[in-house]
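Participant: This is the structure I have questions about; it appears just below.
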Amino acid sequence: MPITLRWGILGAGNISSQFVHDLVLNNSRADSGIIHIVRSIGCSSTSKGQDFIKDCNINSTNNEGIAPVVQSYDDFYQNPEIDIVYVGTPHTFHKVQVTKSLEGGKHVLCEKPFTVNKKDAEKLFQLAKDKKLFLMEAVWTRFFPSIKLLKKYVYEDKVIGDVHRLFSDFAWNADIPNLEPTNRLRDVNLGGGSLLDIGIYSITYSRILLDNAVGESHTKFEFKSFMSLDARDGVDYNTSIIVQYADGKQGILSCCNYTTGKMPFLRLEGTKGVVEMSSDNPARPRQFKITFDDGRDPIEYKDESGYNGFIYEANAVARDIAAGKIENDTMPAAETLLVMEIMDKIREDAGLVYPQDGQLI
Ligand SMILES: NC(=O)c1ccc[n+]([C@@H]2O[C@H](COP(=O)([O-])OP(=O)(O)OC[C@H]3O[C@@H](n4cnc5c(N)ncnc54)[C@H](OP(=O)(O)O)[C@@H]3O)[C@@H](O)[C@H]2O)c1
């Protein structure tokens with residue numbers, strides 16, 4: 001029997017469309033043992049929601065004969081035919097929308113950053129626990145087959161020997177001066193800046209590649225950071241972090257919205273070789289190459305599945321919910337809280353305060 005999961009998509013924007021692309025492609029291929037039905041689009045406007053369904057090409061053949069409905073947010077939270085909500089709206093809306101989804105009895109997969117700060121994230125995980133509902137931050141990067149394979153090479157086979165250094169950068173020129181001041185990248189009220197939007201991935205790679213443990217059992221580390229606050233917008237478009245583990249391993253992590261970074265965006269150095277990772281989007285670990293100091297043939301990997309890559313986390317979530325779990329082992333609540341704590345400290349040191357930091361739920 002295939003696992004079937006009925007999704008409600010909250011927000012008909014950029015990332016929701018990329019996520020839904022993978023759900024319906026999975027259904028067309030019918031080879032995963034999982035069926036993801038898009039049941040409802042929660043949207044600020046009916047016509048925008050209808051356009052989303054059309055643009056994402058959701059149809060009867062790739063959605064189990066179901067035509068999704070477009071609903072107001074309030075009706076969406078009450079829809080009994082939604083098993084799980086995918087929250088695809090800007091950061092600052094996550095807290096309220098996850099809360100309302102859980103209160104409506106739905107499991108939730110919420111885009112990164114999960115919330116603007118750690119204290120809000122803790123409240124959401126406590127609510128999910130109280131309601132016995134699944135809740136996960138959509139850190140899709142961790143679920144790619146490339147990451148599982150790379151962790152095997154680095155931690156089990158130790159092909160690059162002892163790991164000493166990681167360089168991980170996520171930089172793209174967002175043309176900030178020409179964006180509206182109310183754009184989510186610029187607006188302090190929407191959690192603007194680069195750390196929460198893209199720096200989170202540089203931190204995630206350090207968590208994946210400098211530590212084989214996750215969440216509560218993570219290996220201890222310390223870090224120092226610099227964050228430049230933009231004179232006009234008051235948010236960061238340039239942040240760098242140095243992390244050090246007890247055994248001396250270091251990571252140099254960066255993010256920037258003023259310039260576009262070069263490939264490879266990531267380099268992991270060991271005593272016997274080097275891993276380099278390239279991609280059209282550093283959040284999407286599609287490709288890596290391992291070269292060896294002794295001149296052996298390199299190991300190369302490329303994901304040519306045709307998926308954007310969201311299917312890997314969506315399938316993991318479907319399996320967890322079918323198994324009655326309320327959190328995922330690859331991206332547990334404690335890992336979200338750990339990364340949120342790092343980002344809180346970086347902001348605190350630089351004096352970047354979001355209006356939401358002072359709010360209570
Ligand atoms: N996983 C990834 O690689 C990845 C990539 C990009 C973004 N993200 C994350 O996904 C989230 C959404 O990013 P996005 O680029 O998809 O955003 P977006 O397209 O700008 O907005 C998504 C939706 O959020 C609602 N929204 C946007 N601005 C709003 C505002 N000012 N007030 C009220 N509602 C607003 C709208 O919903 P309606 O359709 O209902 O109007 C919009 O369609 C962010 O938290 C971001 O960090 C993740």
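Starting from 1 in every chain, residues are counted up; chains themselves are A, B, ... following the order of the structure tokens, and ligands are numbered from 1 as listed.
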With only C-alpha atoms as the counted atoms, please give the residues lying no more than 6 Å from segment 103-110 of chain A, apart from itself and same-chain residues fewer than 5 positions off, as a short mmCIF file (atom, residue, chain, number, x, y, z; two decimals) with N, CA, C and O atoms, in the first residue's frame.

Facilitator:
data_model
loop_
_atom_site.label_atom_id
_atom_site.label_comp_id
_atom_site.auth_asym_id
_atom_site.auth_seq_id
_atom_site.Cartn_x
_atom_site.Cartn_y
_atom_site.Cartn_z
N TYR A 77 -7.04 26.74 7.53
CA TYR A 77 -6.67 26.13 8.83
C TYR A 77 -7.74 25.14 9.32
O TYR A 77 -7.46 24.23 10.08
N GLN A 78 -8.99 25.36 8.87
CA GLN A 78 -10.09 24.51 9.35
C GLN A 78 -10.39 23.36 8.41
O GLN A 78 -11.27 22.54 8.69
N ASP A 83 -3.86 16.99 5.70
CA ASP A 83 -3.10 16.27 6.74
C ASP A 83 -1.95 17.12 7.23
O ASP A 83 -1.62 17.12 8.41
N ILE A 84 -1.29 17.79 6.29
CA ILE A 84 -0.07 18.53 6.63
C ILE A 84 -0.02 19.85 5.88
O ILE A 84 -0.37 19.92 4.69
N VAL A 85 0.44 20.87 6.57
CA VAL A 85 0.59 22.21 5.98
C VAL A 85 2.06 22.44 5.64
O VAL A 85 2.94 22.19 6.47
N TYR A 86 2.30 22.91 4.42
CA TYR A 86 3.63 23.40 4.04
C TYR A 86 3.57 24.92 4.13
O TYR A 86 2.78 25.55 3.40
N VAL A 87 4.37 25.50 5.01
CA VAL A 87 4.36 26.96 5.19
C VAL A 87 5.44 27.56 4.30
O VAL A 87 6.64 27.38 4.55
N LEU A 133 1.51 16.36 17.19
CA LEU A 133 1.53 16.55 15.73
C LEU A 133 2.97 16.69 15.25
O LEU A 133 3.82 17.22 15.97
N PHE A 134 3.21 16.25 14.02
CA PHE A 134 4.55 16.33 13.41
C PHE A 134 4.87 17.79 13.08
O PHE A 134 4.04 18.51 12.54
N LEU A 135 6.11 18.19 13.37
CA LEU A 135 6.56 19.54 13.04
C LEU A 135 8.03 19.49 12.68
O LEU A 135 8.83 18.90 13.42
N MET A 136 8.38 20.09 11.54
CA MET A 136 9.79 20.12 11.13
C MET A 136 10.10 21.39 10.35
O MET A 136 9.26 21.89 9.60
N GLU A 137 11.31 21.91 10.55
CA GLU A 137 11.81 23.01 9.72
C GLU A 137 12.27 22.40 8.39
O GLU A 137 13.01 21.39 8.38
N ALA A 138 11.88 23.03 7.29
CA ALA A 138 12.14 22.46 5.96
C ALA A 138 13.58 22.71 5.50
O ALA A 138 13.82 23.40 4.51
#

Participant: Find the spatial neighbours of Leu124 of chain A, counting only C-alpha atoms, within a cut-off of 8 Å - ignore same-chain residues fewer than 5 positions away - and output them as a PDB file with C-alpha atoms, in the first residue's frame.

Facilitator:
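File written: around.pdb
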ATOM      1  CA  LYS A  95       5.140  31.719  14.073  1.00  0.00           C
ATOM      2  CA  VAL A  98       2.455  27.289  12.277  1.00  0.00           C
ATOM      3  CA  THR A  99       0.503  27.956  15.483  1.00  0.00           C
TER       4      THR A  99
END

Participant: Tell me, as number ranges by chain, which residues lie within 7 Å of Tyr312 of chain A, counting only C-alpha atoms; anything in the same chain fewer than 3 positions away does not count.

Facilitator: A: 143-144, 309, 315-316

Participant: Let me have all residues with an atom within 8 Å of ligand 1, counting only C-alpha atoms and all ligand atoms, laid out as a VMD selection string.

Facilitator: chain A and resid 10 to 17 42 to 45 48 to 49 73 87 to 94 111 to 114 138 to 141 182 to 184 190 196 to 198 283 to 284 310

Participant: Could you give me, as a Markdown table, every segment 254-331 of chain A residue with an atom at most 12 Å from segment 174-178 of chain A, plus its closest atom pair and distance in Å to one decimal, counting only C-alpha atoms, rows ordered by chain then number?

Facilitator:
| residue | atom | partner | partner_atom | distance |
| --- | --- | --- | --- | --- |
| A:Cys255 | CA | A:Ala174 | CA | 11.9 |
| A:Cys256 | CA | A:Ala174 | CA | 9.0 |
| A:Asn257 | CA | A:Ala174 | CA | 5.4 |
| A:Tyr258 | CA | A:Ala174 | CA | 6.6 |
| A:Thr259 | CA | A:Ala174 | CA | 7.7 |
| A:Thr260 | CA | A:Ala174 | CA | 8.3 |
| A:Gly261 | CA | A:Ala174 | CA | 11.6 |

Participant: In Å, with one decimal, what is the gap from atom CA of Lys272 of chain A to atom CA of Thr330 of chain A?

Facilitator: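 Atom CA of Lys272 of chain A sits 27.8 Å away from atom CA of Thr330 of chain A.
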
Participant: To one decimal place, how far is atom CA of Glu64 of chain A from atom CA of Ala314 of chain A in Å?

Facilitator: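 Result for atom CA of Glu64 of chain A versus atom CA of Ala314 of chain A: 16.9 Å, one decimal.
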
Participant: Near Ser194 of chain A, within 9 Å and counting only C-alpha atoms, which residues show up once chain neighbours fewer than 5 positions away are dropped, as a list in words?

Facilitator: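 These residues fall inside the cut-off: Ala171, Leu185, Gly199, Ile200, Val235, Asp236, Tyr237, Asn238, Thr239, Cys255, Cys256 and Asn257 of chain A.
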
Participant: Taking C-alpha atoms for each residue, export the selection above as a JSON list (two decimals), in the first residue's frame.

Facilitator:
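Output file again.json is given in full below:
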[["chain", "number", "residue", "atom", "x", "y", "z"],
["A", 171, "ALA", "CA", 26.55, 34.69, -1.85],
["A", 185, "LEU", "CA", 15.08, 40.56, 1.73],
["A", 199, "GLY", "CA", 23.60, 32.29, 5.92],
["A", 200, "ILE", "CA", 21.53, 29.56, 7.54],
["A", 235, "VAL", "CA", 19.84, 44.53, 8.18],
["A", 236, "ASP", "CA", 22.87, 42.40, 7.22],
["A", 237, "TYR", "CA", 23.90, 41.73, 3.63],
["A", 238, "ASN", "CA", 27.38, 40.57, 4.63],
["A", 239, "THR", "CA", 28.04, 38.13, 7.48],
["A", 255, "CYS", "CA", 26.83, 34.83, 3.27],
["A", 256, "CYS", "CA", 26.35, 37.96, 1.20],
["A", 257, "ASN", "CA", 23.70, 39.70, -0.88]]

Participant: Counting only C-alpha atoms, which residue out of A:Ala318, A:Pro181, A:Ile242, A:Leu195 sits closest to Gly33 of chain A?

Facilitator: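 Closest candidate: A:Ala318.
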
Participant: For the atom pair atom CA of Leu23 of chain A and atom CA of Asn63 of chain A, what is the interatomic distance in Å to one decimal place?

Facilitator: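 Between atom CA of Leu23 of chain A and atom CA of Asn63 of chain A the gap is 8.7 Å.
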
Participant: Quick one: residues within 9 Å of Met263 of chain A, only C-alpha atoms, excluding same-chain residues fewer than 6 positions away - as a PyMOL selection string?

Facilitator: chain A and resi 276-280

Participant: So which one's closest to Ser40 of chain A, A:Phe167, A:Phe76, A:Phe52, A:Phe19? Using only C-alpha atoms, please.

Facilitator: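 Result for the nearest residue to Ser40 of chain A: A:Phe76.
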
Participant: Considering only helix (DSSP H, G or I) as DSSP defines it on the backbone, what residues of segment 69-171 of chain A qualify? List them as a PyMOL selection string.

Facilitator: chain A and resi 73-78+91-103+118-131+140-143+145-156

Participant: Nearest to Leu127 of chain A among A:Gln244, A:Val96, A:Lys289, A:Glu341, with distances taken over only C-alpha atoms: which residue is it?

Facilitator: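 Closest to Leu127 of chain A of all the choices is A:Val96.
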
Participant: Counting only C-alpha atoms, what is within 8 Å of Leu25 of chain A, bar same-chain residues fewer than 3 positions away, as a ChimeraX atom specification?

Facilitator: /A:21-22,28-29,62,307

Participant: Restricted to C-alpha atoms, what would the selected residues look like written as a PDB file, in the first residue's frame?

Facilitator:
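Dumped to selection.pdb:
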ATOM      1  CA  HIS A  21       6.711  20.965  -8.667  1.00  0.00           C
ATOM      2  CA  ASP A  22       8.393  18.050  -6.923  1.00  0.00           C
ATOM      3  CA  SER A  28       3.639  11.261 -12.315  1.00  0.00           C
ATOM      4  CA  ARG A  29       6.602   8.958 -11.896  1.00  0.00           C
ATOM      5  CA  ASN A  62      -0.540  14.040 -11.376  1.00  0.00           C
ATOM      6  CA  TYR A 307      13.546  17.054  -9.089  1.00  0.00           C
TER       7      TYR A 307
END
